[in-house]
Amino acid sequence: MLDLNYIREHTDEVREGLRKLHLDAPIDEILELDARRRQLLQEVENLRARRNAVSKEIGKMRDEAGRQALIAEMRQVGDQIDALEEELRQVEARLEQLLLEVPNMPHPSVPEGKDESENIVVRQEGTFRQFDFEPLPHWELGVTLDIIDFERAVKISGTRFYVLKGAGARLHRALVAWMIDLHVQKHGYTEVLAPYLVRRECLIGTGQLPKFAENLYFDAEDDLWLIPTAEVSVTNLFRDEILPAEALPINLVSYSACFRREKMSAGRDVRGIKRVHQFDKVEMVKIVEPETSEEELFKLIDNAEDVCRGLGIPHRVVQMCTGDLSFTASIKYDIEMWAPGSQEWLEVSSCSLFGDFQARRANIRYRPAPGKKPRYVHTLNGSGLALPRVMIAVMENYQQADGSIVIPEVLRPYMGGQEVIR
RNA sequence: GGAGGGGUAGCAUAGUCUGGCCUAAUGCGCGCGUCUCGAAAACGCGUGUGGGUAACUCCCACCGUGGGUUCGAAUCCCACCCCCUCCGCCA
């Protein structure tokens, strides 16, 4: 959420930001409602001040006739207050609703562009493996090795679900365990395991709601929502808190299942395990002081890249242009791994700096020093990494001519020393 | 799910029965200062959040949440949420 004062005082910059994003937002209506709100607020508060003062007098008065006269007068004032408050409530509700639909502003450093075609490949690392045979896509390798079962997944859950089996399931588990250990032991994160079902307010806090409800699964009876990413549960751990300065930076890593309807991409990427309704992910979340947040973003990206380096799979870092930024991000970089069987770059991580956009929504603040006013924190997160696509990259990069898959060395301790899946 | 107890500012408590000097007190913690070579102790001052305002020693709101009664609600009424104890059920 943007600061209402900022919208009022820097209206032109907000309009310019929206133009760069190729998005629209009801700025005029917001400004009108804001002006009306402040006007109503003053009227109501003046009336309330009067009533407070007079009511106190009434409590002390002995003259019964004068008392009754004042009570009658205050009854009138009360009616006026009720009427104004009703209008105020409506204005504030509408204002809140509109503010929640205004996207974050792009950071000035973000290159301008209309859509993903204008994203910028910042760097590429690692060497492509030279194959002396035709590398197969993972959906063929997985079925042949009997480590992925698509048909039974569809039988029990429908399209866009998958089942891992035997060494496939274990490879998945090994990846999760190794990634978490890497981030904890080498990068200094603290591991957390949080609920997959969260309250509606959490989705509003991190920005999935109200705009993107159609991408989420939820339980109507209890109004509990399945998280589309651990970002939601982990960032919201701190909602409505004022953290002491010494608690920052907070660096958390969390494994979770993620649930997405994928309504927007019907018909795309239907083969294999690239785009599914339920997948697992290791997510990194940072809660930091505003002054350090850009530096923290680059650490975050490097931490995610370290996973690619450890696995020995080529990757590249892509900066999103303004037209391809998410609703909540101020800066965003994707990390993509090369998949030689599918012949494509796979987005395995998305690293974002949100500034205070999420912090305002979730009301996460910190106190810079004892006695000082609370300030909003900056939040960041990045995948470290998303499991199915890393599985794809491992399977396709490490396949051999006979269809077997060599297990990357870093994962072998997590697989009981196994070296090859055949 | 049943019965009982509870939710008050960072923490711990008072206030609720009996509405109005509660515009929420006290202790702890925290900050600043005095004293000291320095510290502790003691003493003094200060210390919740959000909003209105150019700004304030000014005003408004917030006592779990949302409604209601009243000139006036932490206090009375209704609904809901959460926590604790016991019982039931359960991996």
# chains A, B, ... in the order shown; residues from 1 in each chain; ligands from 1
$ interface_residues --of "chain B" --to "chain A" --cutoff "7 Å" --atoms "only C-alpha atoms (C1' of nucleotides)" --output "compact mmCIF listing (two decimals) with all heavy atoms, in the first residue's frame"
# COMPACT_ATOMS: atom_id res chain seq x y z
P G B 20 -18.32 6.10 36.88
OP1 G B 20 -16.92 5.64 36.71
OP2 G B 20 -18.95 6.11 38.21
O5' G B 20 -18.47 7.53 36.22
C5' G B 20 -17.90 7.81 34.95
C4' G B 20 -17.79 9.30 34.73
O4' G B 20 -19.10 9.83 34.39
C3' G B 20 -17.31 10.08 35.94
O3' G B 20 -16.56 11.18 35.48
C2' G B 20 -18.62 10.59 36.55
O2' G B 20 -18.44 11.77 37.29
C1' G B 20 -19.43 10.88 35.29
N9 G B 20 -20.86 10.87 35.41
C8 G B 20 -21.65 10.31 36.39
N7 G B 20 -22.93 10.45 36.17
C5 G B 20 -22.99 11.15 34.96
C6 G B 20 -24.10 11.59 34.21
O6 G B 20 -25.28 11.44 34.44
N1 G B 20 -23.71 12.25 33.04
C2 G B 20 -22.40 12.47 32.67
N2 G B 20 -22.21 13.13 31.53
N3 G B 20 -21.34 12.06 33.37
C4 G B 20 -21.72 11.41 34.49
P G B 31 18.11 2.06 28.77
OP1 G B 31 19.24 1.72 27.90
OP2 G B 31 18.23 1.94 30.23
O5' G B 31 17.63 3.54 28.43
C5' G B 31 17.41 3.93 27.08
C4' G B 31 16.92 5.35 27.02
O4' G B 31 15.62 5.43 27.65
C3' G B 31 17.76 6.36 27.79
O3' G B 31 18.90 6.78 27.07
C2' G B 31 16.75 7.48 28.01
O2' G B 31 16.58 8.25 26.83
C1' G B 31 15.47 6.69 28.27
N9 G B 31 15.22 6.48 29.70
C8 G B 31 15.41 5.32 30.43
N7 G B 31 15.09 5.45 31.69
C5 G B 31 14.66 6.76 31.80
C6 G B 31 14.18 7.48 32.94
O6 G B 31 14.02 7.09 34.08
N1 G B 31 13.85 8.79 32.61
C2 G B 31 13.98 9.35 31.35
N2 G B 31 13.63 10.62 31.23
N3 G B 31 14.42 8.69 30.30
C4 G B 31 14.74 7.41 30.59
P U B 47 5.87 11.79 29.23
OP1 U B 47 5.13 12.47 28.16
OP2 U B 47 5.25 11.56 30.56
O5' U B 47 6.37 10.36 28.72
C5' U B 47 6.84 10.16 27.42
C4' U B 47 7.42 8.77 27.27
O4' U B 47 8.31 8.48 28.38
C3' U B 47 6.42 7.63 27.34
O3' U B 47 5.77 7.45 26.10
C2' U B 47 7.32 6.44 27.67
O2' U B 47 8.01 5.98 26.53
C1' U B 47 8.34 7.07 28.62
N1 U B 47 8.04 6.81 30.04
C2 U B 47 8.36 5.56 30.52
O2 U B 47 8.87 4.70 29.83
N3 U B 47 8.09 5.36 31.85
C4 U B 47 7.52 6.27 32.71
O4 U B 47 7.33 5.95 33.89
C5 U B 47 7.20 7.55 32.13
C6 U B 47 7.45 7.76 30.84
P G B 52 -3.84 12.80 9.33
OP1 G B 52 -4.07 12.89 7.87
OP2 G B 52 -2.48 12.93 9.88
O5' G B 52 -4.77 13.86 10.05
C5' G B 52 -6.12 14.01 9.68
C4' G B 52 -6.77 15.10 10.49
O4' G B 52 -6.66 14.78 11.89
C3' G B 52 -6.10 16.46 10.38
O3' G B 52 -6.53 17.15 9.22
C2' G B 52 -6.55 17.15 11.66
O2' G B 52 -7.88 17.63 11.54
C1' G B 52 -6.54 15.97 12.65
N9 G B 52 -5.30 15.92 13.42
C8 G B 52 -4.22 15.09 13.22
N7 G B 52 -3.25 15.29 14.09
C5 G B 52 -3.73 16.30 14.91
C6 G B 52 -3.13 16.94 16.03
O6 G B 52 -2.04 16.73 16.54
N1 G B 52 -3.97 17.92 16.56
C2 G B 52 -5.21 18.24 16.09
N2 G B 52 -5.86 19.21 16.74
N3 G B 52 -5.78 17.65 15.04
C4 G B 52 -4.99 16.70 14.51
P C B 59 -7.18 19.71 24.62
OP1 C B 59 -8.22 19.99 25.61
OP2 C B 59 -6.08 18.77 24.93
O5' C B 59 -7.87 19.21 23.28
C5' C B 59 -9.00 19.91 22.75
C4' C B 59 -9.40 19.29 21.42
O4' C B 59 -8.31 19.43 20.47
C3' C B 59 -9.66 17.80 21.45
O3' C B 59 -10.93 17.49 21.98
C2' C B 59 -9.51 17.43 19.98
O2' C B 59 -10.64 17.85 19.24
C1' C B 59 -8.32 18.32 19.58
N1 C B 59 -7.04 17.60 19.70
C2 C B 59 -6.69 16.72 18.66
O2 C B 59 -7.46 16.58 17.71
N3 C B 59 -5.51 16.04 18.73
C4 C B 59 -4.71 16.22 19.78
N4 C B 59 -3.56 15.54 19.80
C5 C B 59 -5.05 17.10 20.85
C6 C B 59 -6.21 17.77 20.77
P C B 60 -11.16 16.09 22.72
OP1 C B 60 -12.50 16.14 23.34
OP2 C B 60 -9.99 15.76 23.55
O5' C B 60 -11.20 15.08 21.50
C5' C B 60 -12.22 15.19 20.52
C4' C B 60 -12.01 14.15 19.46
O4' C B 60 -10.77 14.41 18.75
C3' C B 60 -11.83 12.73 19.97
O3' C B 60 -13.06 12.13 20.32
C2' C B 60 -11.15 12.07 18.78
O2' C B 60 -12.08 11.82 17.74
C1' C B 60 -10.20 13.18 18.33
N1 C B 60 -8.86 13.04 18.91
C2 C B 60 -7.99 12.12 18.33
O2 C B 60 -8.37 11.46 17.36
N3 C B 60 -6.74 11.96 18.84
C4 C B 60 -6.37 12.69 19.89
N4 C B 60 -5.13 12.51 20.36
C5 C B 60 -7.24 13.62 20.51
C6 C B 60 -8.47 13.77 20.00
P C B 71 -29.91 10.36 26.08
OP1 C B 71 -30.93 11.21 26.73
OP2 C B 71 -30.14 9.78 24.72
O5' C B 71 -28.54 11.16 26.04
C5' C B 71 -28.33 12.19 25.08
C4' C B 71 -27.07 12.93 25.42
O4' C B 71 -27.26 13.67 26.65
C3' C B 71 -25.86 12.06 25.72
O3' C B 71 -25.20 11.66 24.54
C2' C B 71 -24.99 12.97 26.58
O2' C B 71 -24.32 13.93 25.81
C1' C B 71 -26.07 13.68 27.42
N1 C B 71 -26.34 12.99 28.70
C2 C B 71 -25.38 13.08 29.74
O2 C B 71 -24.34 13.71 29.53
N3 C B 71 -25.62 12.47 30.91
C4 C B 71 -26.75 11.79 31.09
N4 C B 71 -26.95 11.20 32.26
C5 C B 71 -27.74 11.67 30.06
C6 C B 71 -27.49 12.30 28.90
P G B 72 -24.67 10.17 24.38
OP1 G B 72 -24.04 10.06 23.06
OP2 G B 72 -25.78 9.26 24.77
O5' G B 72 -23.52 10.06 25.48
C5' G B 72 -22.32 10.81 25.31
C4' G B 72 -21.46 10.67 26.53
O4' G B 72 -22.16 11.20 27.67
C3' G B 72 -21.11 9.25 26.94
O3' G B 72 -20.03 8.74 26.18
C2' G B 72 -20.76 9.43 28.41
O2' G B 72 -19.47 9.97 28.56
C1' G B 72 -21.79 10.49 28.83
N9 G B 72 -22.99 9.88 29.42
C8 G B 72 -24.22 9.73 28.83
N7 G B 72 -25.11 9.17 29.62
C5 G B 72 -24.41 8.93 30.79
C6 G B 72 -24.85 8.34 32.01
O6 G B 72 -25.96 7.90 32.31
N1 G B 72 -23.82 8.29 32.94
C2 G B 72 -22.55 8.74 32.73
N2 G B 72 -21.70 8.60 33.74
N3 G B 72 -22.13 9.30 31.61
C4 G B 72 -23.11 9.37 30.69
$ residues_around --residues "U85 in chain B" --least-positions-apart "2" --cutoff "12 Å" --atoms "only C-alpha atoms (C1' of nucleotides)" --output "MDAnalysis selection string"
chainID B and resid 3:6 83 87
$ residues_around --residues "range 9-15 of chain B" --least-positions-apart "6" --cutoff "12 Å" --atoms "only C-alpha atoms (C1' of nucleotides)" --output "NGL selection string"
(:A and (241-244 or 367 or 370-371)) or (:B and (22 or 24-30 or 47-49 or 62-63 or 74-75))
$ residues_around --residues "range 117-124 of chain A" --least-positions-apart "4" --cutoff "10 Å" --atoms "only C-alpha atoms (C1' of nucleotides)" --output "PyMOL selection string"
chain A and resi 110-113+314-325+333-337
$ atom_distance --atom1 "C1' of U69 in chain B" --atom2 "CA of Met61 in chain A"
22.5 Å
$ residues_around --residues "Arg389 in chain A" --least-positions-apart "5" --cutoff "7 Å" --atoms "only C-alpha atoms (C1' of nucleotides)" --output "MDAnalysis selection string"
chainID A and resid 274 346 348
$ closest_residue --among "A:Asp181, A:Ser330, A:Ala230, A:Ile407" --to "Met391 in chain A" --atoms "only C-alpha atoms"
A:Ile407
$ atom_distance --atom1 "CA of His277 in chain A" --atom2 "CA of Ala304 in chain A"
23.1 Å
$ select_by_dssp --residues "range 230-370 of chain A" --states "helix (DSSP H, G or I)" --output "VMD selection string"
chain A and resid 230 to 238 245 to 247 263 to 265 290 to 311 322 to 324 357 to 362
